[in-house]
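input-v4.cif, holding mmCIF, C-alpha atoms:
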```cif
data_input
#
loop_
_atom_site.group_PDB
_atom_site.id
_atom_site.type_symbol
_atom_site.label_atom_id
_atom_site.label_comp_id
_atom_site.auth_asym_id
_atom_site.auth_seq_id
_atom_site.Cartn_x
_atom_site.Cartn_y
_atom_site.Cartn_z
ATOM 1 C CA MET A 464 211.033 221.560 -100.552
ATOM 2 C CA ASN A 465 210.376 224.931 -102.096
ATOM 3 C CA PRO A 466 207.897 226.831 -99.873
ATOM 4 C CA TRP A 467 205.794 227.989 -102.805
ATOM 5 C CA LEU A 468 205.658 224.434 -104.180
ATOM 6 C CA VAL A 469 204.395 223.132 -100.842
ATOM 7 C CA GLY A 470 201.857 225.935 -100.707
ATOM 8 C CA ALA A 471 200.709 225.199 -104.244
ATOM 9 C CA ILE A 472 200.269 221.490 -103.451
ATOM 10 C CA ALA A 473 198.309 222.303 -100.293
ATOM 11 C CA GLY A 474 196.182 224.813 -102.179
ATOM 12 C CA CYS A 475 195.389 222.357 -104.968
ATOM 13 C CA ILE A 476 194.392 219.655 -102.469
ATOM 14 C CA ALA A 477 192.168 222.190 -100.706
ATOM 15 C CA ILE A 478 190.136 222.944 -103.855
ATOM 16 C CA PRO A 479 188.188 219.633 -104.018
ATOM 17 C CA VAL A 480 187.973 219.632 -100.215
ATOM 18 C CA ALA A 481 186.355 223.084 -100.330
ATOM 19 C CA ILE A 482 183.904 221.898 -102.994
ATOM 20 C CA LEU A 483 182.884 218.877 -100.909
ATOM 21 C CA LEU A 484 182.649 220.951 -97.730
ATOM 22 C CA ARG A 485 180.448 223.540 -99.419
ATOM 23 C CA ARG A 486 178.217 220.801 -100.811
ATOM 24 C CA GLU A 487 177.824 219.269 -97.363
ATOM 25 C CA LEU A 488 177.050 222.611 -95.707
ATOM 26 C CA ARG A 489 174.391 223.405 -98.310
ATOM 27 C CA THR A 490 172.454 220.312 -97.199
ATOM 28 C CA ALA A 491 171.960 222.166 -93.868
ATOM 29 C CA ALA A 492 172.595 218.904 -92.022
ATOM 30 C CA HIS A 493 174.371 220.908 -89.321
ATOM 31 C CA ARG A 494 171.212 222.853 -88.429
ATOM 32 C CA ARG A 495 169.010 221.992 -85.505
ATOM 33 C CA GLU A 496 165.244 221.807 -85.857
ATOM 34 C CA ASP A 497 164.800 225.359 -84.564
ATOM 35 C CA GLU A 498 167.389 226.619 -87.077
ATOM 36 C CA LEU A 499 165.735 225.286 -90.242
ATOM 37 C CA ASP A 500 164.056 228.640 -90.943
ATOM 38 C CA THR A 501 167.408 230.441 -91.036
ATOM 39 C CA PRO A 502 167.994 232.047 -94.467
ATOM 40 C CA ASP A 503 169.997 229.781 -96.761
ATOM 41 C CA ARG A 504 173.673 230.533 -97.302
ATOM 42 C CA HIS A 505 175.626 229.399 -100.339
ATOM 43 C CA HIS A 506 179.046 229.391 -98.614
ATOM 44 C CA GLY A 507 180.706 230.278 -101.914
ATOM 45 C CA TRP A 508 183.511 232.052 -100.073
ATOM 46 C CA LEU A 509 184.888 228.641 -99.065
ATOM 47 C CA LEU A 510 185.913 227.959 -102.660
ATOM 48 C CA VAL A 511 188.321 230.903 -102.486
ATOM 49 C CA VAL A 512 189.265 231.262 -98.825
ATOM 50 C CA LEU A 513 190.139 227.627 -98.044
ATOM 51 C CA PRO A 514 192.540 227.064 -101.007
ATOM 52 C CA LEU A 515 194.070 230.514 -100.492
ATOM 53 C CA ALA A 516 194.595 229.863 -96.780
ATOM 54 C CA ALA A 517 196.182 226.476 -97.544
ATOM 55 C CA LEU A 518 198.472 228.088 -100.121
ATOM 56 C CA LEU A 519 199.649 230.832 -97.776
ATOM 57 C CA VAL A 520 199.913 228.699 -94.630
ATOM 58 C CA GLY A 521 201.735 225.954 -96.529
ATOM 59 C CA ARG A 522 204.238 228.428 -97.935
ATOM 60 C CA ALA A 523 204.748 230.297 -94.651
ATOM 61 C CA LEU A 524 205.246 227.230 -92.437
ATOM 62 C CA THR A 525 207.576 225.541 -94.929
ATOM 63 C CA GLU A 526 209.684 228.677 -95.020
ATOM 64 C CA SER A 527 209.799 229.073 -91.242
ATOM 65 C CA HIS A 528 209.939 225.345 -90.359
ATOM 66 C CA ASN A 529 209.568 222.544 -92.934
ATOM 67 C CA ALA A 530 207.087 220.800 -95.218
ATOM 68 C CA GLY A 531 206.049 218.318 -92.509
ATOM 69 C CA VAL A 532 204.868 221.117 -90.229
ATOM 70 C CA ALA A 533 203.169 222.858 -93.145
ATOM 71 C CA PHE A 534 201.164 219.831 -94.308
ATOM 72 C CA ALA A 535 200.191 218.949 -90.720
ATOM 73 C CA TYR A 536 198.709 222.384 -90.135
ATOM 74 C CA CYS A 537 197.094 222.602 -93.567
ATOM 75 C CA ALA A 538 195.280 219.340 -92.810
ATOM 76 C CA CYS A 539 193.290 221.028 -90.032
ATOM 77 C CA LEU A 540 192.226 224.040 -92.124
ATOM 78 C CA PRO A 541 189.034 222.383 -93.489
ATOM 79 C CA VAL A 542 187.789 221.854 -89.928
ATOM 80 C CA LEU A 543 188.475 225.496 -89.098
ATOM 81 C CA ALA A 544 186.693 226.578 -92.282
ATOM 82 C CA ALA A 545 183.675 224.403 -91.447
ATOM 83 C CA LEU A 546 183.478 225.925 -87.966
ATOM 84 C CA ALA A 547 183.605 229.436 -89.385
ATOM 85 C CA ALA A 548 180.891 228.652 -91.947
ATOM 86 C CA ILE A 549 178.555 227.079 -89.391
ATOM 87 C CA ASP A 550 179.013 229.917 -86.901
ATOM 88 C CA LEU A 551 178.256 232.455 -89.634
ATOM 89 C CA ASP A 552 175.188 230.451 -90.605
ATOM 90 C CA VAL A 553 173.537 229.695 -87.260
ATOM 91 C CA HIS A 554 175.699 231.508 -84.686
ATOM 92 C CA ARG A 555 176.725 228.229 -83.107
ATOM 93 C CA LEU A 556 179.935 226.220 -82.887
ATOM 94 C CA PRO A 557 178.886 222.542 -82.782
ATOM 95 C CA ASN A 558 180.387 220.155 -80.267
ATOM 96 C CA ALA A 559 180.727 217.651 -83.107
ATOM 97 C CA LEU A 560 183.614 219.779 -84.395
ATOM 98 C CA THR A 561 184.971 221.700 -81.383
ATOM 99 C CA PHE A 562 185.488 218.579 -79.261
ATOM 100 C CA PRO A 563 187.327 216.508 -81.928
ATOM 101 C CA LEU A 564 189.426 219.557 -82.799
ATOM 102 C CA VAL A 565 191.231 219.238 -79.455
ATOM 103 C CA PRO A 566 192.722 215.738 -79.989
ATOM 104 C CA ALA A 567 193.214 216.556 -83.679
ATOM 105 C CA ALA A 568 195.243 219.623 -82.699
ATOM 106 C CA VAL A 569 197.344 217.465 -80.365
ATOM 107 C CA VAL A 570 197.997 215.055 -83.262
ATOM 108 C CA VAL A 571 199.040 218.012 -85.448
ATOM 109 C CA ALA A 572 201.408 219.170 -82.696
ATOM 110 C CA VAL A 573 202.913 215.683 -82.360
ATOM 111 C CA ILE A 574 203.429 215.424 -86.140
ATOM 112 C CA ALA A 575 205.023 218.875 -86.186
ATOM 113 C CA SER A 576 207.357 217.888 -83.347
ATOM 114 C CA ALA A 577 208.260 214.646 -85.107
ATOM 115 C CA ALA A 578 209.136 216.709 -88.180
ATOM 116 C CA THR A 579 211.332 219.129 -86.213
ATOM 117 C CA GLY A 580 212.536 217.132 -83.199
ATOM 118 C CA ASP A 581 211.158 219.784 -80.812
ATOM 119 C CA TRP A 582 209.144 217.605 -78.428
ATOM 120 C CA PHE A 583 208.932 220.250 -75.719
ATOM 121 C CA ALA A 584 206.650 222.159 -78.093
ATOM 122 C CA VAL A 585 203.935 219.506 -77.619
ATOM 123 C CA LEU A 586 203.843 220.160 -73.869
ATOM 124 C CA ARG A 587 203.710 223.897 -74.489
ATOM 125 C CA ALA A 588 200.878 223.378 -76.981
ATOM 126 C CA VAL A 589 198.766 221.413 -74.502
ATOM 127 C CA LEU A 590 199.382 223.961 -71.728
ATOM 128 C CA ALA A 591 198.524 226.782 -74.116
ATOM 129 C CA GLY A 592 195.250 225.101 -75.066
ATOM 130 C CA MET A 593 194.254 224.674 -71.425
ATOM 131 C CA THR A 594 195.288 228.240 -70.603
ATOM 132 C CA LEU A 595 193.401 229.806 -73.486
ATOM 133 C CA GLY A 596 190.295 227.757 -72.760
ATOM 134 C CA VAL A 597 190.313 228.846 -69.107
ATOM 135 C CA THR A 598 190.911 232.460 -70.149
ATOM 136 C CA TYR A 599 187.873 232.459 -72.425
ATOM 137 C CA LEU A 600 185.781 230.760 -69.748
ATOM 138 C CA VAL A 601 186.736 233.430 -67.202
ATOM 139 C CA LEU A 602 185.868 236.178 -69.708
ATOM 140 C CA LEU A 603 182.520 234.510 -70.326
ATOM 141 C CA LEU A 604 181.710 234.241 -66.621
ATOM 142 C CA VAL A 605 182.924 237.568 -65.261
ATOM 143 C CA SER A 606 182.341 239.996 -68.142
ATOM 144 C CA ARG A 607 179.119 241.934 -68.552
ATOM 145 C CA GLY A 608 177.157 240.164 -71.239
ATOM 146 C CA GLY A 609 179.773 237.422 -71.318
ATOM 147 C CA ALA A 610 182.064 239.634 -73.431
ATOM 148 C CA GLY A 611 179.983 238.557 -76.425
ATOM 149 C CA LEU A 612 181.249 234.992 -76.025
ATOM 150 C CA GLY A 613 179.488 231.652 -75.825
ATOM 151 C CA LEU A 614 180.482 228.220 -74.565
ATOM 152 C CA GLY A 615 181.252 227.226 -78.126
ATOM 153 C CA ASP A 616 183.925 229.922 -78.254
ATOM 154 C CA VAL A 617 185.425 228.562 -75.027
ATOM 155 C CA LYS A 618 185.623 225.046 -76.467
ATOM 156 C CA LEU A 619 187.073 226.340 -79.723
ATOM 157 C CA ALA A 620 189.710 228.291 -77.809
ATOM 158 C CA VAL A 621 191.201 225.056 -76.443
ATOM 159 C CA GLY A 622 191.894 223.636 -79.896
ATOM 160 C CA LEU A 623 193.182 226.928 -81.261
ATOM 161 C CA GLY A 624 195.423 227.377 -78.241
ATOM 162 C CA ILE A 625 197.032 224.002 -78.938
ATOM 163 C CA LEU A 626 197.608 224.841 -82.593
ATOM 164 C CA LEU A 627 199.182 228.211 -81.785
ATOM 165 C CA GLY A 628 200.955 227.073 -78.629
ATOM 166 C CA TRP A 629 203.132 224.646 -80.550
ATOM 167 C CA PHE A 630 204.956 227.659 -82.000
ATOM 168 C CA SER A 631 205.205 229.921 -78.943
ATOM 169 C CA TRP A 632 203.269 231.687 -76.229
ATOM 170 C CA SER A 633 203.597 234.909 -78.193
ATOM 171 C CA ASN A 634 201.730 233.259 -81.085
ATOM 172 C CA VAL A 635 198.899 232.383 -78.723
ATOM 173 C CA LEU A 636 198.755 235.968 -77.512
ATOM 174 C CA SER A 637 198.968 237.504 -80.975
ATOM 175 C CA GLY A 638 196.376 235.159 -82.477
ATOM 176 C CA THR A 639 193.981 235.886 -79.618
ATOM 177 C CA LEU A 640 194.455 239.644 -79.773
ATOM 178 C CA ILE A 641 194.062 239.708 -83.558
ATOM 179 C CA GLY A 642 190.771 237.839 -83.207
ATOM 180 C CA PHE A 643 189.432 240.374 -80.713
ATOM 181 C CA ILE A 644 190.652 243.293 -82.835
ATOM 182 C CA LEU A 645 189.003 241.898 -85.968
ATOM 183 C CA GLY A 646 185.769 241.256 -84.086
ATOM 184 C CA GLY A 647 185.822 244.722 -82.554
ATOM 185 C CA LEU A 648 186.412 246.418 -85.900
ATOM 186 C CA TRP A 649 183.587 244.441 -87.518
ATOM 187 C CA ALA A 650 181.185 245.295 -84.691
ATOM 188 C CA ALA A 651 182.185 248.964 -84.843
ATOM 189 C CA GLY A 652 181.616 248.989 -88.595
ATOM 190 C CA LEU A 653 178.134 247.520 -88.177
ATOM 191 C CA LEU A 654 177.296 250.102 -85.524
ATOM 192 C CA VAL A 655 178.495 252.992 -87.685
ATOM 193 C CA ALA A 656 176.490 251.653 -90.640
ATOM 194 C CA ARG A 657 173.498 251.199 -88.304
ATOM 195 C CA ARG A 658 173.211 247.568 -89.285
ATOM 196 C CA ALA A 659 173.487 246.463 -85.662
ATOM 197 C CA THR A 660 173.012 247.715 -82.107
ATOM 198 C CA ARG A 661 175.104 247.224 -78.984
ATOM 199 C CA HIS A 662 172.896 244.241 -78.147
ATOM 200 C CA THR A 663 173.172 242.512 -81.534
ATOM 201 C CA TYR A 664 174.807 239.092 -81.296
ATOM 202 C CA ILE A 665 177.777 238.693 -83.621
ATOM 203 C CA ALA A 666 179.352 235.323 -84.378
ATOM 204 C CA PHE A 667 182.823 235.545 -82.838
ATOM 205 C CA GLY A 668 184.149 232.173 -83.987
ATOM 206 C CA PRO A 669 185.172 233.364 -87.468
ATOM 207 C CA PHE A 670 187.264 236.146 -85.930
ATOM 208 C CA MET A 671 188.971 233.703 -83.557
ATOM 209 C CA LEU A 672 189.739 231.483 -86.528
ATOM 210 C CA GLY A 673 190.901 234.419 -88.642
ATOM 211 C CA GLY A 674 193.241 235.548 -85.884
ATOM 212 C CA THR A 675 194.656 232.024 -85.664
ATOM 213 C CA VAL A 676 195.353 231.805 -89.398
ATOM 214 C CA ILE A 677 197.010 235.235 -89.418
ATOM 215 C CA ALA A 678 199.182 234.209 -86.460
ATOM 216 C CA LEU A 679 200.171 231.032 -88.335
ATOM 217 C CA LEU A 680 201.224 233.122 -91.322
ATOM 218 C CA ALA A 681 203.389 235.244 -89.035
ATOM 219 C CA SER A 682 204.864 232.314 -87.152
#
```
Is it possible to express this structure as structure tokens?
Amino acid sequence: MNPWLVGAIAGCIAIPVAILLRRELRTAAHRREDELDTPDRHHGWLLVVLPLAALLVGRALTESHNAGVAFAYCACLPVLAALAAIDLDVHRLPNALTFPLVPAAVVVAVIASAATGDWFAVLRAVLAGMTLGVTYLVLLLVSRGGAGLGLGDVKLAVGLGILLGWFSWSNVLSGTLIGFILGGLWAAGLLVARRATRHTYIAFGPFMLGGTVIALLAS
């Protein structure tokens, strides 16, 4: 299929999904009791970012692989978007999404391998997920201040490692580095603008997810 056609289909499907996701997030059902006083967010960015990401990822993966791989990966984008929105809202990555993301990522890898015949990629994906999760855990435990990470980031890293590992180890590395670079630039910008201090907690999940999407586009 034409890459742009696949991207357009994925983008169109993502529009109602983004609307439903935004509606669900605005109910604040994801907040704990001690988070109910957090200022309300409208999550309007989802209506643009999710369809645009689906369009670009669908086009890129169809061009580099095929439509089966593209649709498989686009199917997991709403979960990634929900994780980013929740982390921005309450600075927490819920287990209700990070845990299911791991088997879901394995399913995506299996579908992608079925579409390409590259079954070794599934093994690489699982190993990459385990490796990235352990790497984040080590950073959390040995770095001063936990390197700004939380356990939610460690759990998220496993799922993202699987998604990126299906393509290559270099994709895992690039997606991870891009996430840290984006997070570092954002933190530096806040410091320069005096909107944060060195001790201000910044949600890192969205940068991990952004790095993953960028690595998918470059895959």
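Proximity ranking of A:Leu515, A:Gly674, A:Leu595, A:Phe630 relative to A:Ser527 places A:Phe630 first, based on only C-alpha atoms.
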Would you list the contacts of A:Arg522 as a VMD selection string, taking every protein, DNA or RNA residue within 12 Å and counting all atoms listed in the file, but skipping same-chain residues closer than 2 positions in sequence? chain A and resid 464 to 474 515 to 520 524 to 534 536 to 537 679 to 682
Write to file, as a compact mmCIF listing (two decimals), in the frame of the given file, the residues of the selection just made, with C-alpha atoms.
```txt
# COMPACT_ATOMS: atom_id res chain seq x y z
CA MET A 464 211.03 221.56 -100.55
CA ASN A 465 210.38 224.93 -102.10
CA PRO A 466 207.90 226.83 -99.87
CA TRP A 467 205.79 227.99 -102.80
CA LEU A 468 205.66 224.43 -104.18
CA VAL A 469 204.40 223.13 -100.84
CA GLY A 470 201.86 225.94 -100.71
CA ALA A 471 200.71 225.20 -104.24
CA ILE A 472 200.27 221.49 -103.45
CA ALA A 473 198.31 222.30 -100.29
CA GLY A 474 196.18 224.81 -102.18
CA LEU A 515 194.07 230.51 -100.49
CA ALA A 516 194.60 229.86 -96.78
CA ALA A 517 196.18 226.48 -97.54
CA LEU A 518 198.47 228.09 -100.12
CA LEU A 519 199.65 230.83 -97.78
CA VAL A 520 199.91 228.70 -94.63
CA LEU A 524 205.25 227.23 -92.44
CA THR A 525 207.58 225.54 -94.93
CA GLU A 526 209.68 228.68 -95.02
CA SER A 527 209.80 229.07 -91.24
CA HIS A 528 209.94 225.34 -90.36
CA ASN A 529 209.57 222.54 -92.93
CA ALA A 530 207.09 220.80 -95.22
CA GLY A 531 206.05 218.32 -92.51
CA VAL A 532 204.87 221.12 -90.23
CA ALA A 533 203.17 222.86 -93.14
CA PHE A 534 201.16 219.83 -94.31
CA TYR A 536 198.71 222.38 -90.14
CA CYS A 537 197.09 222.60 -93.57
CA LEU A 679 200.17 231.03 -88.34
CA LEU A 680 201.22 233.12 -91.32
CA ALA A 681 203.39 235.24 -89.04
CA SER A 682 204.86 232.31 -87.15
```
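With only C-alpha atoms as the basis for measurement, A:Arg555 is the residue among A:His505, A:Arg555, A:Arg486, A:Arg495 that approaches A:Lys618 most closely.
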Using the chain letters and numbers from the file, which residues does the PyMOL selection byres ((chain A and resi 599) around 8) grab, as a PyMOL selection string? chain A and resi 595-598+600-603+612+616-617+620
Please expand the PyMOL selection byres ((chain A and resi 628) around 10) into the concrete residues it hits in this file, giving the result as a PyMOL selection string. chain A and resi 572+584-592+594-595+622-627+629-636
Take the PyMOL selection byres ((chain A and resi 545) around 12), run it mentally on this structure, and tell me the resulting residues as a VMD selection string. chain A and resid 480 to 489 493 506 508 to 510 512 to 513 539 to 544 546 to 552 555 to 557 559 to 561 564 668 to 669 672
I need the residues from that last selection saved to file as a short mmCIF file (atom, residue, chain, number, x, y, z; two decimals), in the frame of the given file (with C-alpha atoms), if you can.
```cif
data_model
loop_
_atom_site.label_atom_id
_atom_site.label_comp_id
_atom_site.auth_asym_id
_atom_site.auth_seq_id
_atom_site.Cartn_x
_atom_site.Cartn_y
_atom_site.Cartn_z
CA VAL A 480 187.97 219.63 -100.22
CA ALA A 481 186.36 223.08 -100.33
CA ILE A 482 183.90 221.90 -102.99
CA LEU A 483 182.88 218.88 -100.91
CA LEU A 484 182.65 220.95 -97.73
CA ARG A 485 180.45 223.54 -99.42
CA ARG A 486 178.22 220.80 -100.81
CA GLU A 487 177.82 219.27 -97.36
CA LEU A 488 177.05 222.61 -95.71
CA ARG A 489 174.39 223.40 -98.31
CA HIS A 493 174.37 220.91 -89.32
CA HIS A 506 179.05 229.39 -98.61
CA TRP A 508 183.51 232.05 -100.07
CA LEU A 509 184.89 228.64 -99.06
CA LEU A 510 185.91 227.96 -102.66
CA VAL A 512 189.26 231.26 -98.82
CA LEU A 513 190.14 227.63 -98.04
CA CYS A 539 193.29 221.03 -90.03
CA LEU A 540 192.23 224.04 -92.12
CA PRO A 541 189.03 222.38 -93.49
CA VAL A 542 187.79 221.85 -89.93
CA LEU A 543 188.48 225.50 -89.10
CA ALA A 544 186.69 226.58 -92.28
CA LEU A 546 183.48 225.92 -87.97
CA ALA A 547 183.60 229.44 -89.38
CA ALA A 548 180.89 228.65 -91.95
CA ILE A 549 178.56 227.08 -89.39
CA ASP A 550 179.01 229.92 -86.90
CA LEU A 551 178.26 232.46 -89.63
CA ASP A 552 175.19 230.45 -90.60
CA ARG A 555 176.72 228.23 -83.11
CA LEU A 556 179.94 226.22 -82.89
CA PRO A 557 178.89 222.54 -82.78
CA ALA A 559 180.73 217.65 -83.11
CA LEU A 560 183.61 219.78 -84.40
CA THR A 561 184.97 221.70 -81.38
CA LEU A 564 189.43 219.56 -82.80
CA GLY A 668 184.15 232.17 -83.99
CA PRO A 669 185.17 233.36 -87.47
CA LEU A 672 189.74 231.48 -86.53
#
```
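When atom CA of A:Ala535 is paired with atom CA of A:Pro563, their separation reads 15.8 Å.
Take atom CA of A:Gly652 and atom CA of A:Arg504: the distance between them is 21.9 Å.
Note that the spacing between atom CA of A:Met671 and atom CA of A:Ile641 amounts to 7.9 Å.
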Nearest candidate to A:Ala538 (options A:Leu499, A:Asn558, A:Val511, A:Ala567; using only C-alpha atoms): A:Ala567
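In this comparison, which uses all atoms listed in the file, the residue of A:Val676, A:Thr579, A:Glu498, A:Leu648 approaching A:Ala523 most closely is A:Val676.
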Per-axis box centre and lengths in Å around stretch 616-623 of chain A, 4 Å margin per side, axis-aligned, as lines of an AutoDock Vina configuration file:
```
center_x = 188.6
center_y = 226.8
center_z = -78.1
size_x = 17.3
size_y = 14.3
size_z = 14.2
```
Would you list the contacts of A:His554 as a list in words, taking every protein, DNA or RNA residue within 9 Å and counting only C-alpha atoms, but skipping same-chain residues closer than 6 positions in sequence? Tyr664, Ile665, Ala666, Phe667 and Gly668 of chain A
Stretch 558-577 of chain A dumped to file, N, CA, C and O atoms, as a short mmCIF file (atom, residue, chain, number, x, y, z; two decimals), in the first residue's frame:
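Saved as result12.cif:
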```cif
data_model
loop_
_atom_site.label_atom_id
_atom_site.label_comp_id
_atom_site.auth_asym_id
_atom_site.auth_seq_id
_atom_site.Cartn_x
_atom_site.Cartn_y
_atom_site.Cartn_z
N ASN A 558 0.33 1.87 37.06
CA ASN A 558 0.56 0.45 36.77
C ASN A 558 -0.50 -0.12 35.85
O ASN A 558 -0.24 -1.07 35.09
N ALA A 559 -1.70 0.46 35.90
CA ALA A 559 -2.80 -0.04 35.07
C ALA A 559 -2.51 0.09 33.59
O ALA A 559 -3.16 -0.56 32.77
N LEU A 560 -1.52 0.93 33.23
CA LEU A 560 -1.13 1.08 31.84
C LEU A 560 0.29 0.55 31.57
O LEU A 560 0.53 -0.05 30.53
N THR A 561 1.22 0.79 32.49
CA THR A 561 2.60 0.35 32.25
C THR A 561 2.73 -1.17 32.24
O THR A 561 3.48 -1.72 31.44
N PHE A 562 2.00 -1.85 33.13
CA PHE A 562 2.09 -3.31 33.16
C PHE A 562 1.48 -3.95 31.90
O PHE A 562 2.12 -4.79 31.25
N PRO A 563 0.25 -3.58 31.50
CA PRO A 563 -0.31 -4.17 30.28
C PRO A 563 0.46 -3.79 29.02
O PRO A 563 0.37 -4.51 28.01
N LEU A 564 1.19 -2.67 29.06
CA LEU A 564 1.95 -2.28 27.88
C LEU A 564 2.99 -3.32 27.50
O LEU A 564 3.29 -3.50 26.32
N VAL A 565 3.52 -4.03 28.50
CA VAL A 565 4.57 -5.02 28.22
C VAL A 565 4.03 -6.17 27.36
O VAL A 565 4.58 -6.44 26.27
N PRO A 566 2.98 -6.89 27.78
CA PRO A 566 2.46 -7.94 26.89
C PRO A 566 1.90 -7.38 25.58
O PRO A 566 1.98 -8.04 24.54
N ALA A 567 1.33 -6.16 25.64
CA ALA A 567 0.81 -5.56 24.41
C ALA A 567 1.94 -5.30 23.42
O ALA A 567 1.79 -5.52 22.21
N ALA A 568 3.09 -4.86 23.94
CA ALA A 568 4.25 -4.62 23.07
C ALA A 568 4.75 -5.92 22.47
O ALA A 568 5.19 -5.95 21.31
N VAL A 569 4.70 -7.01 23.25
CA VAL A 569 5.11 -8.31 22.72
C VAL A 569 4.17 -8.73 21.60
O VAL A 569 4.61 -9.25 20.57
N VAL A 570 2.87 -8.50 21.78
CA VAL A 570 1.89 -8.83 20.73
C VAL A 570 2.19 -8.01 19.47
O VAL A 570 2.14 -8.53 18.35
N VAL A 571 2.49 -6.72 19.64
CA VAL A 571 2.84 -5.88 18.49
C VAL A 571 4.06 -6.44 17.78
O VAL A 571 4.10 -6.51 16.54
N ALA A 572 5.07 -6.87 18.55
CA ALA A 572 6.28 -7.43 17.96
C ALA A 572 5.98 -8.72 17.19
O ALA A 572 6.52 -8.95 16.10
N VAL A 573 5.11 -9.55 17.76
CA VAL A 573 4.74 -10.81 17.09
C VAL A 573 4.00 -10.52 15.78
O VAL A 573 4.27 -11.15 14.74
N ILE A 574 3.07 -9.56 15.81
CA ILE A 574 2.33 -9.20 14.60
C ILE A 574 3.29 -8.65 13.55
O ILE A 574 3.19 -8.99 12.35
N ALA A 575 4.23 -7.81 13.98
CA ALA A 575 5.20 -7.24 13.05
C ALA A 575 6.07 -8.34 12.44
O ALA A 575 6.38 -8.31 11.24
N SER A 576 6.45 -9.33 13.23
CA SER A 576 7.25 -10.43 12.71
C SER A 576 6.45 -11.31 11.77
O SER A 576 6.97 -11.81 10.76
N ALA A 577 5.17 -11.50 12.07
CA ALA A 577 4.30 -12.27 11.18
C ALA A 577 4.15 -11.56 9.84
O ALA A 577 4.04 -12.20 8.79
#
```
